Each structure stands twice: as C-alpha cells, then as structure tokens.
file structure.csv (CSV, C-alpha atoms)
chain,number,residue,atom,x,y,z
A,1,MET,CA,-48.1,43.2,150.5
A,2,ASP,CA,-49.5,43.6,154.0
A,3,GLU,CA,-52.5,45.9,153.9
A,4,ILE,CA,-51.2,48.2,156.7
A,5,LEU,CA,-47.9,48.4,154.9
A,6,LEU,CA,-49.6,49.2,151.6
A,7,LYS,CA,-51.6,52.0,153.3
A,8,LYS,CA,-48.3,53.4,154.7
A,9,MET,CA,-46.8,53.4,151.2
A,10,GLN,CA,-49.8,55.1,149.7
A,11,GLN,CA,-49.6,57.8,152.4
A,12,LYS,CA,-45.8,58.2,151.8
A,13,ILE,CA,-46.4,58.8,148.1
A,14,LYS,CA,-49.1,61.4,148.9
A,15,ASP,CA,-46.8,63.1,151.4
A,16,THR,CA,-44.0,63.1,148.9
A,17,ILE,CA,-46.2,64.7,146.3
A,18,SER,CA,-47.5,67.3,148.7
A,19,ASN,CA,-44.0,68.1,149.9
A,20,LYS,CA,-42.5,68.5,146.4
A,21,ASP,CA,-41.4,72.0,147.3
A,22,ASP,CA,-38.9,70.5,149.8
A,23,ILE,CA,-37.4,68.4,147.1
A,24,LYS,CA,-37.2,71.5,144.8
A,25,GLN,CA,-35.3,73.3,147.5
A,26,LEU,CA,-32.8,70.4,147.6
A,27,LEU,CA,-32.4,70.7,143.9
A,28,GLN,CA,-31.8,74.4,144.0
A,29,LEU,CA,-29.3,73.9,146.8
A,30,LEU,CA,-27.5,71.4,144.6
A,31,SER,CA,-28.0,73.3,141.4
A,32,ASN,CA,-24.8,72.1,139.8
A,33,ILE,CA,-26.4,68.8,139.1
A,34,ASP,CA,-26.9,68.5,135.3
A,35,ASP,CA,-29.9,66.1,135.3
A,36,SER,CA,-32.1,67.6,138.0
A,37,GLU,CA,-35.1,65.5,137.1
A,38,SER,CA,-33.3,62.3,137.5
A,39,PHE,CA,-31.8,63.5,140.7
A,40,ALA,CA,-35.3,64.5,142.0
A,41,LEU,CA,-36.7,61.2,141.1
A,42,GLY,CA,-33.8,59.6,143.0
A,43,ILE,CA,-34.7,61.5,146.1
A,44,VAL,CA,-38.3,60.5,145.8
A,45,VAL,CA,-37.5,56.9,145.2
A,46,GLY,CA,-35.1,56.9,148.1
A,47,ARG,CA,-37.7,58.3,150.4
A,48,ILE,CA,-40.3,55.7,149.4
A,49,TYR,CA,-37.9,52.8,149.5
A,50,ASN,CA,-36.6,53.9,152.9
A,51,SER,CA,-40.2,54.1,154.1
A,52,PHE,CA,-41.0,50.6,152.7
A,53,TYR,CA,-38.0,49.1,154.5
A,54,TYR,CA,-38.6,50.9,157.8
A,55,GLN,CA,-42.3,50.3,157.8
A,56,SER,CA,-41.7,46.6,157.0
A,57,LYS,CA,-39.5,46.3,160.0
A,58,ARG,CA,-41.9,48.3,162.2
A,59,ILE,CA,-45.1,46.6,161.1
A,60,LEU,CA,-43.9,43.1,160.3
A,61,ASN,CA,-41.1,43.0,162.9
A,62,ARG,CA,-38.7,41.8,160.2
A,63,GLU,CA,-37.0,42.8,157.0
A,64,PRO,CA,-39.1,42.5,153.8
A,65,THR,CA,-38.9,39.2,151.9
A,66,SER,CA,-38.0,39.1,148.2
A,67,ALA,CA,-41.6,38.4,147.4
A,68,GLU,CA,-42.7,41.5,149.4
A,69,PHE,CA,-40.1,43.6,147.6
A,70,GLU,CA,-41.4,42.4,144.3
A,71,GLU,CA,-44.9,43.5,145.4
A,72,PHE,CA,-43.5,46.8,146.4
A,73,LEU,CA,-41.9,47.2,142.9
A,74,GLU,CA,-45.3,46.4,141.3
A,75,PHE,CA,-47.0,49.0,143.5
A,76,ILE,CA,-44.4,51.6,142.6
A,77,LYS,CA,-44.8,50.8,138.9
A,78,THR,CA,-48.5,51.8,139.2
A,79,LYS,CA,-47.5,55.1,140.8
A,80,LYS,CA,-44.6,55.9,138.3
A,81,SER,CA,-46.4,58.5,136.3
A,82,ASP,CA,-47.5,60.3,139.5
A,83,LEU,CA,-43.9,60.4,140.7
A,84,GLU,CA,-42.5,61.5,137.4
A,85,ASN,CA,-44.9,64.4,136.9
A,86,LEU,CA,-43.9,66.2,140.1
A,87,TRP,CA,-41.7,68.7,138.3

call {"tool": "encode", "arguments": {"input": "structure.csv", "output": "structure tokens"}}
result
Amino acid sequence: MDEILLKKMQQKIKDTISNKDDIKQLLQLLSNIDDSESFALGIVVGRIYNSFYYQSKRILNREPTSAEFEEFLEFIKTKKSDLENLW
C-alpha cells in the first residue's frame, strides 16, 4: 500500500478510536438494534473503508486496485482487536 495512504489509514483508525463517543451516540439513537456491537463495528468499518476509497482516489488519483484492497484488508486484520475493543 502507498505509504501516504497507509499513514492516512492509521490516522483514521486513531481518529475513530478517539471519537468512539460519537459512535456510542449513534447506537443510543438507534437503540432498537439488537446486536449493537455488530452495528458499531459496521459503522467503524464503514468509516475506515470509505476513507480508504476516498484517500486512494485523492492520493493516487484513481480507484484502488484489487491488490491494494487486499493490502488494505491485511492492514485492517492487524487492527481488528483495537477496533473490536472500542465498547
């Protein structure tokens, strides 16, 4: 993965972790959801994936390739426990 893109993804994960109260507010607003942990993880993953896609287009001036997406998945796999332990 491009080094600048990787740094942006690392920063997005840090931002997401530090803004976990925002996600908790969303969960409270949508309190009728049975599996709130899965829902919260979905919000987090959505934010990070959206950032990856947007930053790829901004930094690389194109959509990410399949190989870059695979690298992104490997990166996310290394951060999985950090993201699951937000709640």

call {"tool": "closest_residue", "arguments": {"input": "structure.csv", "among": "A:Thr65, A:Glu74, A:Asn85, A:Lys7", "to": "A:Tyr53", "atoms": "only C-alpha atoms"}}
result
A:Thr65

call {"tool": "closest_residue", "arguments": {"input": "structure.csv", "among": "A:Ser38, A:Gln28, A:Asn61, A:Ser51", "to": "A:Gln10", "atoms": "all atoms listed in the file"}}
result
A:Ser51

call {"tool": "residues_around", "arguments": {"input": "structure.csv", "residues": "A:Met1", "least_positions_apart": "2", "cutoff": "7 Å", "atoms": "only C-alpha atoms", "output": "JSON, numbers by chain"}}
result
{"A": [3, 5, 6, 68, 71]}

call {"tool": "atom_distance", "arguments": {"input": "structure.csv", "atom1": "atom CA of A:Met9", "atom2": "atom CA of A:Lys80"}}
result
13.3 Å

call {"tool": "residues_near_point", "arguments": {"input": "structure.csv", "point": "(-36.2, 66.1, 145.9)", "cutoff": "12 Å", "atoms": "all atoms listed in the file", "output": "MDAnalysis selection string"}}
result
chainID A and resid 16:31 36:48 83:84 86:87

call {"tool": "write_last_selection", "arguments": {"input": "structure.csv", "atoms": "C-alpha atoms", "output": "CSV table (one decimal), in the coordinates of the input"}}
result
chain,number,residue,atom,x,y,z
A,16,THR,CA,-44.0,63.1,148.9
A,17,ILE,CA,-46.2,64.7,146.3
A,18,SER,CA,-47.5,67.3,148.7
A,19,ASN,CA,-44.0,68.1,149.9
A,20,LYS,CA,-42.5,68.5,146.4
A,21,ASP,CA,-41.4,72.0,147.3
A,22,ASP,CA,-38.9,70.5,149.8
A,23,ILE,CA,-37.4,68.4,147.1
A,24,LYS,CA,-37.2,71.5,144.8
A,25,GLN,CA,-35.3,73.3,147.5
A,26,LEU,CA,-32.8,70.4,147.6
A,27,LEU,CA,-32.4,70.7,143.9
A,28,GLN,CA,-31.8,74.4,144.0
A,29,LEU,CA,-29.3,73.9,146.8
A,30,LEU,CA,-27.5,71.4,144.6
A,31,SER,CA,-28.0,73.3,141.4
A,36,SER,CA,-32.1,67.6,138.0
A,37,GLU,CA,-35.1,65.5,137.1
A,38,SER,CA,-33.3,62.3,137.5
A,39,PHE,CA,-31.8,63.5,140.7
A,40,ALA,CA,-35.3,64.5,142.0
A,41,LEU,CA,-36.7,61.2,141.1
A,42,GLY,CA,-33.8,59.6,143.0
A,43,ILE,CA,-34.7,61.5,146.1
A,44,VAL,CA,-38.3,60.5,145.8
A,45,VAL,CA,-37.5,56.9,145.2
A,46,GLY,CA,-35.1,56.9,148.1
A,47,ARG,CA,-37.7,58.3,150.4
A,48,ILE,CA,-40.3,55.7,149.4
A,83,LEU,CA,-43.9,60.4,140.7
A,84,GLU,CA,-42.5,61.5,137.4
A,86,LEU,CA,-43.9,66.2,140.1
A,87,TRP,CA,-41.7,68.7,138.3

call {"tool": "atom_distance", "arguments": {"input": "structure.csv", "atom1": "atom CA of A:Pro64", "atom2": "atom CA of A:Tyr49"}}
result
11.2 Å

call {"tool": "atom_distance", "arguments": {"input": "structure.csv", "atom1": "atom CA of A:Lys8", "atom2": "atom CA of A:Ile76"}}
result
12.8 Å

call {"tool": "axis_aligned_box", "arguments": {"input": "structure.csv", "around": "stretch 8-21 of chain A", "padding_each_side": "4 Å", "output": "JSON"}}
result
{"center_x": -45.6, "center_y": 62.7, "center_z": 150.5, "size_x": 16.4, "size_y": 26.6, "size_z": 16.4}
